[in-house]
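Chemist: As input, take start01.cif (mmCIF, C-alpha atoms and all ligand atoms):
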data_model
loop_
_atom_site.label_atom_id
_atom_site.label_comp_id
_atom_site.auth_asym_id
_atom_site.auth_seq_id
_atom_site.Cartn_x
_atom_site.Cartn_y
_atom_site.Cartn_z
CA MET A 148 0.00 0.00 0.00
CA ALA A 149 1.30 3.42 -0.89
CA VAL A 150 1.34 5.59 2.16
CA ASP A 151 2.87 8.88 1.13
CA GLY A 152 2.05 11.18 -1.66
CA ALA A 153 -1.43 11.58 -2.99
CA ARG A 154 -3.22 14.60 -1.62
CA PRO A 155 -6.75 15.29 -2.71
CA GLU A 156 -7.94 18.74 -3.54
CA HIS A 157 -9.46 20.10 -0.38
CA GLU A 158 -12.18 22.69 -0.50
CA ASP A 159 -10.63 26.04 -0.07
CA ARG A 160 -12.76 29.12 0.17
CA THR A 161 -10.02 31.71 0.43
CA SER A 162 -10.89 33.70 -2.64
CA GLY A 163 -10.53 37.41 -2.21
CA ARG A 164 -9.02 39.41 0.57
CA PRO A 165 -9.94 37.99 3.95
CA LEU A 166 -11.86 40.10 6.43
CA PRO A 167 -9.74 41.77 9.07
CA PRO A 168 -8.98 39.08 11.63
CA MET A 169 -11.56 39.12 14.37
CA ASP A 170 -11.51 36.18 16.68
CA VAL A 171 -10.05 33.88 14.03
CA GLY A 172 -7.30 31.26 13.90
CA ILE A 173 -9.82 28.57 14.71
CA ALA A 174 -9.77 24.87 13.85
CA VAL A 175 -13.15 23.18 14.00
CA VAL A 176 -12.66 19.46 14.60
CA MET A 177 -15.54 17.13 13.80
CA VAL A 178 -16.15 14.10 16.01
CA GLY A 179 -18.54 11.20 15.62
CA LEU A 180 -19.19 7.74 14.28
CA PRO A 181 -19.64 7.31 10.53
CA ALA A 182 -23.06 8.34 9.13
CA ARG A 183 -23.74 10.94 11.81
CA GLY A 184 -23.93 13.81 9.35
CA LYS A 185 -20.45 15.18 10.11
CA THR A 186 -19.53 15.84 6.51
CA PHE A 187 -22.92 17.39 5.82
CA MET A 188 -22.41 19.82 8.71
CA ALA A 189 -18.75 20.45 7.95
CA ARG A 190 -19.42 21.30 4.32
CA LYS A 191 -22.34 23.54 5.14
CA LEU A 192 -20.35 25.28 7.81
CA ALA A 193 -17.41 25.82 5.45
CA ARG A 194 -19.74 27.24 2.84
CA TYR A 195 -21.42 29.54 5.35
CA LEU A 196 -18.18 30.87 6.82
CA GLY A 197 -16.69 31.32 3.34
CA TRP A 198 -19.79 33.18 2.23
CA LEU A 199 -19.52 35.46 5.27
CA GLY A 200 -16.01 36.32 4.11
CA TYR A 201 -13.72 34.21 6.26
CA ALA A 202 -10.80 32.44 4.63
CA CYS A 203 -12.09 28.99 5.42
CA ALA A 204 -11.08 25.53 4.22
CA PHE A 205 -12.49 22.07 4.72
CA PHE A 206 -10.22 19.01 5.10
CA ASN A 207 -11.93 15.66 4.80
CA VAL A 208 -9.72 12.82 5.96
CA GLY A 209 -11.85 10.31 4.01
CA ASN A 210 -10.74 12.05 0.81
CA TYR A 211 -7.10 11.70 1.87
CA ARG A 212 -7.69 8.00 2.61
CA ARG A 213 -9.30 7.46 -0.79
CA ALA A 214 -6.51 9.37 -2.57
CA THR A 215 -3.83 7.35 -0.76
CA PHE A 216 -5.28 3.84 -0.48
CA GLY A 217 -8.07 3.88 -3.06
CA ALA A 218 -11.78 4.06 -2.40
CA GLU A 219 -12.47 0.40 -1.93
CA VAL A 220 -10.87 -0.70 1.33
CA PRO A 221 -12.50 -3.54 3.33
CA ALA A 222 -14.32 -2.89 6.63
CA SER A 223 -11.37 -4.60 8.40
CA PHE A 224 -9.27 -1.55 7.47
CA PHE A 225 -11.27 0.28 10.16
CA ASP A 226 -10.89 -2.45 12.79
CA PRO A 227 -9.18 -0.93 15.86
CA GLY A 228 -7.52 -4.35 16.39
CA ASN A 229 -5.85 -4.23 12.96
CA PRO A 230 -2.47 -2.51 13.49
CA ASP A 231 -1.83 -1.93 9.79
CA GLY A 232 -5.21 -0.28 9.37
CA VAL A 233 -4.69 1.85 12.50
CA ALA A 234 -1.26 3.02 11.28
CA ALA A 235 -2.51 3.74 7.77
CA ARG A 236 -5.49 5.75 9.03
CA ARG A 237 -3.32 7.67 11.41
CA LYS A 238 -0.93 8.49 8.61
CA VAL A 239 -3.58 10.02 6.35
CA ALA A 240 -5.14 11.85 9.29
CA MET A 241 -1.78 13.49 10.01
CA THR A 242 -1.23 14.39 6.35
CA ALA A 243 -4.58 16.18 6.33
CA LEU A 244 -3.63 17.93 9.56
CA ASP A 245 -0.31 19.09 8.05
CA ASP A 246 -2.22 20.61 5.14
CA LEU A 247 -4.65 22.27 7.51
CA LEU A 248 -1.82 23.81 9.50
CA SER A 249 -0.10 25.08 6.38
CA PHE A 250 -3.40 26.60 5.25
CA HIS A 251 -3.30 28.77 8.39
CA GLN A 252 0.42 29.35 8.52
CA GLU A 253 1.22 29.94 4.86
CA ARG A 254 -1.99 30.79 3.04
CA GLY A 255 -3.79 33.27 5.28
CA GLY A 256 -6.34 30.74 6.50
CA GLN A 257 -8.61 31.97 9.27
CA ILE A 258 -10.93 29.07 10.00
CA SER A 259 -10.43 25.43 9.07
CA ILE A 260 -12.64 22.41 9.43
CA TYR A 261 -11.09 19.02 10.06
CA ASP A 262 -13.58 16.35 9.10
CA ALA A 263 -12.81 12.88 10.44
CA THR A 264 -14.29 10.58 13.08
CA ASN A 265 -11.72 11.64 15.72
CA SER A 266 -13.49 9.04 17.78
CA THR A 267 -11.01 8.35 20.57
CA ALA A 268 -9.78 10.66 23.33
CA GLU A 269 -6.23 9.73 22.38
CA ARG A 270 -6.67 10.84 18.76
CA ARG A 271 -8.36 14.08 19.81
CA HIS A 272 -5.57 14.77 22.27
CA LEU A 273 -2.98 14.35 19.52
CA VAL A 274 -4.93 16.54 17.09
CA ARG A 275 -5.56 19.24 19.65
CA GLU A 276 -1.95 19.33 20.76
CA ARG A 277 -0.73 19.80 17.20
CA LEU A 278 -3.32 22.46 16.42
CA GLU A 279 -2.67 24.42 19.58
CA ALA A 280 1.07 24.22 19.00
CA GLY A 281 0.30 25.79 15.61
CA GLY A 282 -1.36 28.73 17.41
CA LEU A 283 -4.96 27.69 16.70
CA ARG A 284 -7.96 27.55 18.97
CA VAL A 285 -9.76 24.23 18.77
CA LEU A 286 -13.50 23.76 18.73
CA PHE A 287 -14.80 20.18 18.69
CA ILE A 288 -18.18 19.45 17.16
CA GLU A 289 -19.47 16.02 18.07
CA SER A 290 -22.49 14.61 16.31
CA ILE A 291 -24.31 11.94 18.28
CA CYS A 292 -27.38 10.10 16.97
CA HIS A 293 -29.56 8.07 19.30
CA ASP A 294 -32.25 7.97 16.65
CA ALA A 295 -31.45 4.99 14.42
CA SER A 296 -33.67 6.31 11.62
CA ILE A 297 -31.35 9.33 11.19
CA VAL A 298 -28.34 7.02 10.80
CA GLU A 299 -30.21 4.80 8.36
CA ALA A 300 -31.34 7.79 6.27
CA ASN A 301 -27.80 9.10 6.25
CA ILE A 302 -26.34 5.79 5.07
CA ARG A 303 -28.80 5.68 2.21
CA ALA A 304 -28.58 9.38 1.24
CA THR A 305 -24.82 9.76 1.27
CA LYS A 306 -22.72 6.69 1.95
CA LEU A 307 -24.12 4.41 -0.72
CA ARG A 308 -23.34 7.09 -3.28
CA ALA A 309 -19.76 7.49 -2.06
CA PRO A 310 -16.91 6.27 -4.30
CA ASP A 311 -16.23 3.60 -1.65
CA TYR A 312 -19.29 1.71 -2.86
CA ALA A 313 -19.33 2.59 -6.53
CA ASN A 314 -18.93 -1.05 -7.60
CA MET A 315 -20.99 -2.82 -4.97
CA GLU A 316 -24.55 -4.06 -4.71
CA GLU A 317 -26.65 -1.94 -2.36
CA SER A 318 -27.28 -4.70 0.22
CA GLU A 319 -23.60 -5.63 0.27
CA ALA A 320 -22.61 -1.96 0.63
CA VAL A 321 -25.03 -1.43 3.54
CA ALA A 322 -23.67 -4.52 5.29
CA ASP A 323 -20.08 -3.38 4.75
CA PHE A 324 -20.85 0.11 6.02
CA ARG A 325 -22.56 -1.30 9.13
CA ALA A 326 -19.45 -3.42 9.76
CA ARG A 327 -17.35 -0.28 9.43
CA ILE A 328 -19.52 1.57 11.95
CA ALA A 329 -19.33 -1.42 14.32
CA ASN A 330 -15.54 -1.25 14.16
CA TYR A 331 -15.56 2.41 15.10
CA GLU A 332 -18.10 1.78 17.86
CA ARG A 333 -15.68 -0.60 19.56
CA ALA A 334 -13.19 2.20 20.14
CA TYR A 335 -15.52 5.23 20.34
CA GLU A 336 -15.33 7.60 23.29
CA THR A 337 -17.53 10.66 23.59
CA ILE A 338 -15.78 13.96 24.36
CA GLY A 339 -15.08 14.70 28.00
CA ASP A 340 -15.36 18.08 29.69
CA ASP A 341 -11.58 18.17 30.10
CA GLU A 342 -11.07 18.19 26.31
CA GLY A 343 -11.67 21.92 25.87
CA ALA A 344 -14.32 23.73 23.85
CA TYR A 345 -16.97 21.51 22.38
CA VAL A 346 -20.48 21.38 21.02
CA LYS A 347 -22.35 18.09 21.17
CA LEU A 348 -25.23 17.95 18.75
CA ILE A 349 -27.63 15.19 19.61
CA ASP A 350 -30.03 13.90 16.93
CA VAL A 351 -29.37 16.80 14.50
CA GLY A 352 -29.90 19.64 16.93
CA ARG A 353 -32.69 18.11 19.07
CA GLN A 354 -30.35 18.67 22.00
CA LEU A 355 -27.14 20.67 22.31
CA VAL A 356 -24.47 20.46 24.98
CA LEU A 357 -21.89 23.24 25.07
CA ASN A 358 -18.60 23.34 26.92
CA ARG A 359 -16.36 26.41 27.19
CA ILE A 360 -17.74 28.15 24.11
CA ALA A 361 -16.74 31.80 23.97
CA GLY A 362 -16.13 34.42 21.30
CA TYR A 363 -17.86 35.74 18.23
CA VAL A 364 -16.96 33.08 15.66
CA PRO A 365 -17.65 30.06 17.92
CA GLY A 366 -20.98 31.70 18.76
CA ARG A 367 -21.84 32.09 15.04
CA ILE A 368 -20.86 28.46 14.45
CA VAL A 369 -23.07 27.17 17.25
CA ASN A 370 -25.98 29.33 16.12
CA PHE A 371 -25.62 28.04 12.57
CA LEU A 372 -25.36 24.37 13.51
CA MET A 373 -28.28 24.43 15.91
CA ASN A 374 -30.57 25.60 13.10
CA LEU A 375 -29.57 23.00 10.50
CA HIS A 376 -31.85 20.14 9.62
CA VAL A 377 -31.93 17.54 6.89
CA LEU A 378 -35.55 17.70 5.80
CA ALA A 379 -35.87 18.45 2.11
CA ARG A 380 -38.12 21.41 1.32
CA PRO A 381 -37.91 23.90 -1.52
CA ILE A 382 -36.82 27.51 -1.21
CA TRP A 383 -38.14 29.77 -3.97
CA LEU A 384 -36.32 33.02 -4.70
CA THR A 385 -37.86 35.63 -6.92
CA ARG A 386 -37.44 39.29 -7.60
CA HIS A 387 -40.51 41.50 -7.42
CA GLY A 388 -42.44 42.04 -10.63
CA GLN A 389 -40.96 44.71 -12.88
CA SER A 390 -41.17 48.13 -11.19
CA LEU A 391 -41.49 51.59 -12.72
CA ALA A 392 -37.85 52.16 -11.74
CA ASN A 393 -36.86 49.04 -13.72
CA VAL A 394 -38.69 50.42 -16.74
CA ALA A 395 -36.75 53.69 -16.46
CA GLY A 396 -33.46 51.90 -15.67
CA LEU A 397 -33.13 53.64 -12.31
CA LEU A 398 -31.16 52.23 -9.40
CA GLY A 399 -32.92 51.73 -6.09
CA GLY A 400 -35.96 53.84 -5.33
CA ASP A 401 -39.27 52.65 -3.98
CA GLU A 402 -41.52 52.56 -7.02
CA ALA A 403 -44.71 50.61 -7.65
CA LEU A 404 -45.03 47.77 -10.16
CA SER A 405 -45.42 48.36 -13.88
CA ALA A 406 -48.30 46.70 -15.78
CA ASP A 407 -45.92 43.86 -16.74
CA GLY A 408 -44.81 43.61 -13.13
CA ARG A 409 -48.43 43.24 -11.97
CA ASP A 410 -48.93 40.60 -14.64
CA TYR A 411 -45.94 38.67 -13.25
CA ALA A 412 -47.38 38.84 -9.73
CA HIS A 413 -50.55 37.15 -11.00
CA GLN A 414 -48.53 34.49 -12.80
CA LEU A 415 -46.51 33.91 -9.66
CA LYS A 416 -49.71 33.44 -7.69
CA ALA A 417 -50.97 30.81 -10.17
CA TRP A 418 -47.60 29.07 -10.25
CA LEU A 419 -47.38 28.95 -6.45
CA GLU A 420 -50.88 27.56 -6.16
CA GLY A 421 -49.92 24.80 -8.56
CA ARG A 422 -46.83 24.04 -6.51
CA MET A 423 -48.69 24.02 -3.24
CA GLU A 424 -51.02 21.34 -4.50
CA LYS A 425 -47.87 19.28 -4.84
CA ASP A 426 -45.80 20.45 -1.85
CA GLY A 427 -48.58 20.97 0.71
CA ASP A 428 -50.43 23.99 1.94
CA ASP A 429 -47.90 25.66 4.14
CA VAL A 430 -45.67 28.23 2.59
CA VAL A 431 -43.82 31.02 4.31
CA VAL A 432 -43.59 34.27 2.29
CA TRP A 433 -40.97 36.90 3.02
CA THR A 434 -40.60 40.28 1.34
CA SER A 435 -38.44 43.34 1.82
CA THR A 436 -40.01 46.53 3.17
CA LEU A 437 -40.07 48.10 -0.31
CA GLN A 438 -43.27 48.64 -2.20
CA ARG A 439 -42.42 46.51 -5.22
CA THR A 440 -41.92 43.30 -3.22
CA VAL A 441 -44.85 43.96 -0.88
CA GLU A 442 -47.15 44.57 -3.85
CA THR A 443 -45.96 41.40 -5.60
CA ALA A 444 -46.56 39.29 -2.48
CA HIS A 445 -49.92 40.96 -1.87
CA THR A 446 -51.11 39.72 -5.26
CA VAL A 447 -49.78 36.25 -4.46
CA GLY A 448 -52.25 36.38 -1.60
CA LYS A 449 -50.42 34.56 1.19
CA PRO A 450 -49.60 36.18 4.50
CA ALA A 451 -46.15 37.70 4.10
CA MET A 452 -43.55 38.90 6.53
CA GLN A 453 -41.58 42.07 5.73
CA LEU A 454 -37.88 41.94 6.51
CA LYS A 455 -35.71 45.06 6.37
CA ALA A 456 -32.71 42.79 5.81
CA LEU A 457 -34.17 41.91 2.40
CA ASP A 458 -34.19 45.52 1.14
CA GLU A 459 -32.20 46.12 -2.04
CA ILE A 460 -28.53 47.17 -1.88
CA ASP A 461 -28.43 50.81 -0.83
CA ALA A 462 -27.00 52.72 -3.80
CA GLY A 463 -26.37 55.77 -1.57
CA VAL A 464 -25.72 58.91 -3.62
CA CYS A 465 -26.44 56.92 -6.79
CA ASP A 466 -29.98 55.99 -5.77
CA GLY A 467 -32.42 57.17 -8.42
CA LEU A 468 -29.78 57.45 -11.16
CA THR A 469 -29.29 55.19 -14.19
CA TYR A 470 -26.00 53.34 -14.77
CA ALA A 471 -25.34 55.81 -17.62
CA ASP A 472 -25.91 58.77 -15.24
CA VAL A 473 -23.42 57.33 -12.77
CA GLN A 474 -20.85 56.75 -15.50
CA ARG A 475 -21.24 60.32 -16.75
CA LYS A 476 -21.48 62.17 -13.42
CA MET A 477 -19.19 60.02 -11.27
CA PRO A 478 -16.80 58.19 -13.62
CA ALA A 479 -14.37 57.31 -10.84
CA GLU A 480 -17.14 55.72 -8.78
CA PHE A 481 -18.40 53.84 -11.81
CA ALA A 482 -14.92 52.52 -12.59
CA ALA A 483 -14.28 51.55 -8.98
CA ARG A 484 -17.44 49.49 -8.92
CA GLN A 485 -16.59 47.81 -12.21
CA ALA A 486 -13.15 46.96 -10.82
CA ASP A 487 -14.35 45.37 -7.59
CA LYS A 488 -18.08 44.96 -7.44
CA LEU A 489 -17.97 42.77 -4.34
CA ARG A 490 -16.20 45.29 -2.12
CA TYR A 491 -17.15 48.57 -3.72
CA ARG A 492 -19.33 50.57 -1.33
CA TYR A 493 -21.55 53.28 -2.81
CA PRO A 494 -20.87 56.64 -1.08
CA GLN A 495 -23.41 56.76 1.75
CA GLY A 496 -24.61 53.34 0.67
CA GLU A 497 -23.61 49.70 0.73
CA SER A 498 -21.32 47.15 -0.89
CA TYR A 499 -22.19 43.54 -1.72
CA GLU A 500 -20.09 42.56 1.28
CA ASP A 501 -22.33 44.75 3.44
CA VAL A 502 -25.40 43.10 1.95
CA ILE A 503 -24.01 39.62 2.63
CA ARG A 504 -23.35 40.51 6.26
CA ARG A 505 -26.83 41.86 6.84
CA LEU A 506 -28.30 38.71 5.30
CA ASP A 507 -26.61 36.44 7.83
CA PRO A 508 -29.76 36.20 10.04
CA VAL A 509 -31.88 35.55 6.94
CA ILE A 510 -29.68 32.56 6.06
CA ILE A 511 -30.03 31.19 9.59
CA GLU A 512 -33.82 31.56 9.36
CA LEU A 513 -33.93 29.97 5.91
CA GLU A 514 -31.91 27.02 7.17
CA ARG A 515 -34.25 26.68 10.15
CA GLN A 516 -37.55 26.71 8.22
CA ARG A 517 -39.14 23.34 7.56
CA ASP A 518 -41.92 24.56 5.25
CA PRO A 519 -41.36 25.81 1.70
CA VAL A 520 -40.30 29.47 1.71
CA LEU A 521 -40.96 32.05 -1.00
CA VAL A 522 -38.56 35.00 -0.81
CA VAL A 523 -39.69 38.03 -2.84
CA ALA A 524 -36.76 40.43 -2.90
CA HIS A 525 -34.28 42.24 -5.14
CA GLN A 526 -31.45 41.59 -7.55
CA ALA A 527 -28.42 42.18 -5.31
CA VAL A 528 -29.99 40.58 -2.25
CA LEU A 529 -31.04 37.49 -4.17
CA ARG A 530 -27.60 37.18 -5.74
CA ALA A 531 -26.20 37.01 -2.22
CA LEU A 532 -28.73 34.38 -1.08
CA PHE A 533 -28.40 32.37 -4.28
CA GLY A 534 -24.62 32.49 -3.95
CA TYR A 535 -24.83 31.02 -0.46
CA PHE A 536 -27.07 28.14 -1.48
CA THR A 537 -25.16 27.26 -4.62
CA GLY A 538 -21.73 27.66 -3.03
CA ALA A 539 -20.66 30.33 -5.56
CA GLU A 540 -17.29 31.99 -5.12
CA ARG A 541 -17.72 35.30 -3.32
CA GLU A 542 -16.20 37.21 -6.21
CA ALA A 543 -18.85 35.74 -8.51
CA VAL A 544 -21.81 36.70 -6.30
CA PRO A 545 -22.34 40.27 -7.67
CA HIS A 546 -22.46 38.86 -11.20
CA LEU A 547 -24.87 35.95 -10.72
CA ARG A 548 -27.84 35.98 -13.05
CA VAL A 549 -31.08 36.67 -11.22
CA PRO A 550 -33.42 37.94 -13.94
CA LEU A 551 -36.81 39.51 -13.44
CA HIS A 552 -39.93 37.33 -13.75
CA THR A 553 -38.13 34.11 -12.85
CA VAL A 554 -38.40 31.84 -9.83
CA LEU A 555 -35.16 30.20 -8.77
CA GLU A 556 -36.08 27.01 -7.01
CA LEU A 557 -33.51 25.60 -4.60
CA ILE A 558 -33.88 22.01 -3.52
CA PRO A 559 -31.48 21.03 -0.75
CA ARG A 560 -29.65 17.76 -1.39
CA ALA A 561 -27.25 15.83 0.84
CA TYR A 562 -24.13 17.80 -0.05
CA GLY A 563 -25.44 20.73 -2.06
CA CYS A 564 -28.43 22.18 -3.69
CA GLU A 565 -30.28 21.50 -6.93
CA VAL A 566 -31.43 24.58 -8.84
CA VAL A 567 -34.43 24.73 -11.15
CA LYS A 568 -35.25 27.98 -12.98
CA HIS A 569 -38.89 28.69 -13.68
CA ARG A 570 -39.27 31.45 -16.17
CA LEU A 571 -42.73 32.97 -15.89
CA GLY A 572 -43.86 35.77 -18.19
CA PRO A 573 -43.94 38.47 -19.30
CA ARG A 574 -40.44 38.80 -20.72
CA VAL A 575 -38.87 42.17 -19.94
CA GLY A 576 -35.46 43.60 -20.68
CA GLU A 577 -33.45 45.63 -18.22
CA SER A 578 -30.26 47.63 -17.99
CA ASP A 579 -27.38 45.82 -16.37
CA SER A 580 -24.20 46.93 -14.66
CA GLY A 581 -22.54 43.54 -15.39
O1 LIG B 1 -31.73 47.58 -11.35
C1 LIG B 1 -32.45 46.95 -10.35
C2 LIG B 1 -31.63 46.85 -9.07
O2 LIG B 1 -32.32 46.09 -8.14
C3 LIG B 1 -31.22 48.20 -8.47
O3 LIG B 1 -32.17 48.74 -7.60
C4 LIG B 1 -29.92 47.86 -7.79
O4 LIG B 1 -29.13 49.00 -7.52
C5 LIG B 1 -29.30 46.93 -8.80
O5 LIG B 1 -30.36 46.19 -9.37
C6 LIG B 1 -28.32 45.95 -8.23
O6 LIG B 1 -27.65 45.28 -9.27
P1 LIG B 1 -26.10 45.67 -9.60
O7 LIG B 1 -25.37 45.35 -8.35
O8 LIG B 1 -25.76 44.78 -10.76
O9 LIG B 1 -26.03 47.12 -9.93
#
Before we go any further, please render this structure as structure tokens.

Modeler:
Amino acid sequence: MAVDGARPEHEDRTSGRPLPPMDVGIAVVMVGLPARGKTFMARKLARYLGWLGYACAFFNVGNYRRATFGAEVPASFFDPGNPDGVAARRKVAMTALDDLLSFHQERGGQISIYDATNSTAERRHLVRERLEAGGLRVLFIESICHDASIVEANIRATKLRAPDYANMEESEAVADFRARIANYERAYETIGDDEGAYVKLIDVGRQLVLNRIAGYVPGRIVNFLMNLHVLARPIWLTRHGQSLANVAGLLGGDEALSADGRDYAHQLKAWLEGRMEKDGDDVVVWTSTLQRTVETAHTVGKPAMQLKALDEIDAGVCDGLTYADVQRKMPAEFAARQADKLRYRYPQGESYEDVIRRLDPVIIELERQRDPVLVVAHQAVLRALFGYFTGAEREAVPHLRVPLHTVLELIPRAYGCEVVKHRLGPRVGESDSG
């Protein structure tokens, strides 16, 4: 067996300049038996923290094992009584840890996530010692499932699709995976209070146990994780119907809908009614506080909640101008925005980064909801939300396509999100800053 060498691509979300360091230099260490949703949580957390602007990377030891030893190792590889297996697993775990440390020390990393079972106190002690020696604060996240149906659902939703079982019959794969879990169970030790900062999540957030959690980032992490669930339900994102400002090509404002915009609102109502026959009666509708979204939702006819956080990007001194006006009257501002649309802040207004930050509570609420949610909002705001759910690079967020009169349907899947675009009429053109 080859031991050294192969290193898989890890998921690195360092694009762009990192935020000024505030309470960072944190290694999040996952803990738990296989099929406890660790990778699901770790990936979502990495995506969330990256979206918020932290230089965050995710290191999955399973990927290192597959890259080094191949995907198809027998369950006996995971037997704690098999010294070769123990040594081989330890080796790949340490390679991943080396990469994680160099992410912080050489590549400006701020938060890393170390995704492995880390199922014995001895292994956690070793990992923690190395991370702390590297100047990092360690936060353990242990996922415990007493509910066997959660484990079963997890095996079927994720593990059977893993490369480990690409060439195996389903029943054989399930049996092998159960044998693997049994091997880990023989050595498993839950985290003790003397192991530092930890969060224990029991049955996907039904119960949480916290130990020595302090600071802004650990607080955000706990808040995020406690609102996650695995129930599939759609999220529908749509802009308001075309407004009079859209017709005139004006930025911002608080105009009413145009005739085409009102037409869209009626089509949206009919579309939603069709969907609710399929997805059940309960839908949660959120709008911004601006007239064009409120009017659209009013036509849809469901009770809607207005959220200030969903208001369109504040164009500051450019509010009420066209892109051409801005280019003519404030060429330097126009050029600065073209050069860095993510970070450019309108004088007396906002940047996309500002919008992302104010949407943080909206993301938490969207993650928490169990019913379908219809969000009626605006171009920049929806780009930010869409970017979160699709895992877009931050730099790409201000350029994502979110056209008028279109519903973007997001369907959460085990490790990502499926997107379906529903183009409803009428077709309208609009000016674009690119
Ligand atoms: O043009 C419609 C609009 O929602 C404006 O109110 C807003 O300023 C703009 O889109 C945001 O898009 P961009 O960031 O591409 O200018």

Chemist: Fewer than 4 positions away in the same chain doesn't count, so skip those; otherwise give me all residues within 12 Å of A:Arg517, counting all atoms listed in the file, as a PyMOL selection string.

Modeler: chain A and resi 374-382+426-427+429-431+512-513+559

Chemist: Between atom CA of A:Val522 and atom CA of A:Trp383, measure the distance and give it in Å to one decimal.

Modeler: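 Going from atom CA of A:Val522 over to atom CA of A:Trp383 covers 6.1 Å.
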
Chemist: Check the smallest atom-to-atom distance from each of A:Leu397, A:Leu506, A:Val298, A:Ile360 to ligand LIG 1 (chain B) using all atoms listed in the file, then report the winner.

Modeler: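 The closest residue to ligand LIG 1 (chain B) is A:Leu397.
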
Chemist: To one decimal in Å, tell me the separation between atom CA of A:Arg212 and atom CA of A:Phe187.

Modeler: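 Taking atom CA of A:Arg212 as the start and atom CA of A:Phe187 as the end point, the length is 18.2 Å.
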
Chemist: Name each residue within 10 Å of ligand LIG 1 (chain B), counting all atoms listed in the file, as an NGL selection string.

Modeler: :A and (386-387 or 389-390 or 392-401 or 458-463 or 465-470 or 484-485 or 488-489 or 491 or 493 or 497-499 or 524-530 or 544-551 or 577-581)
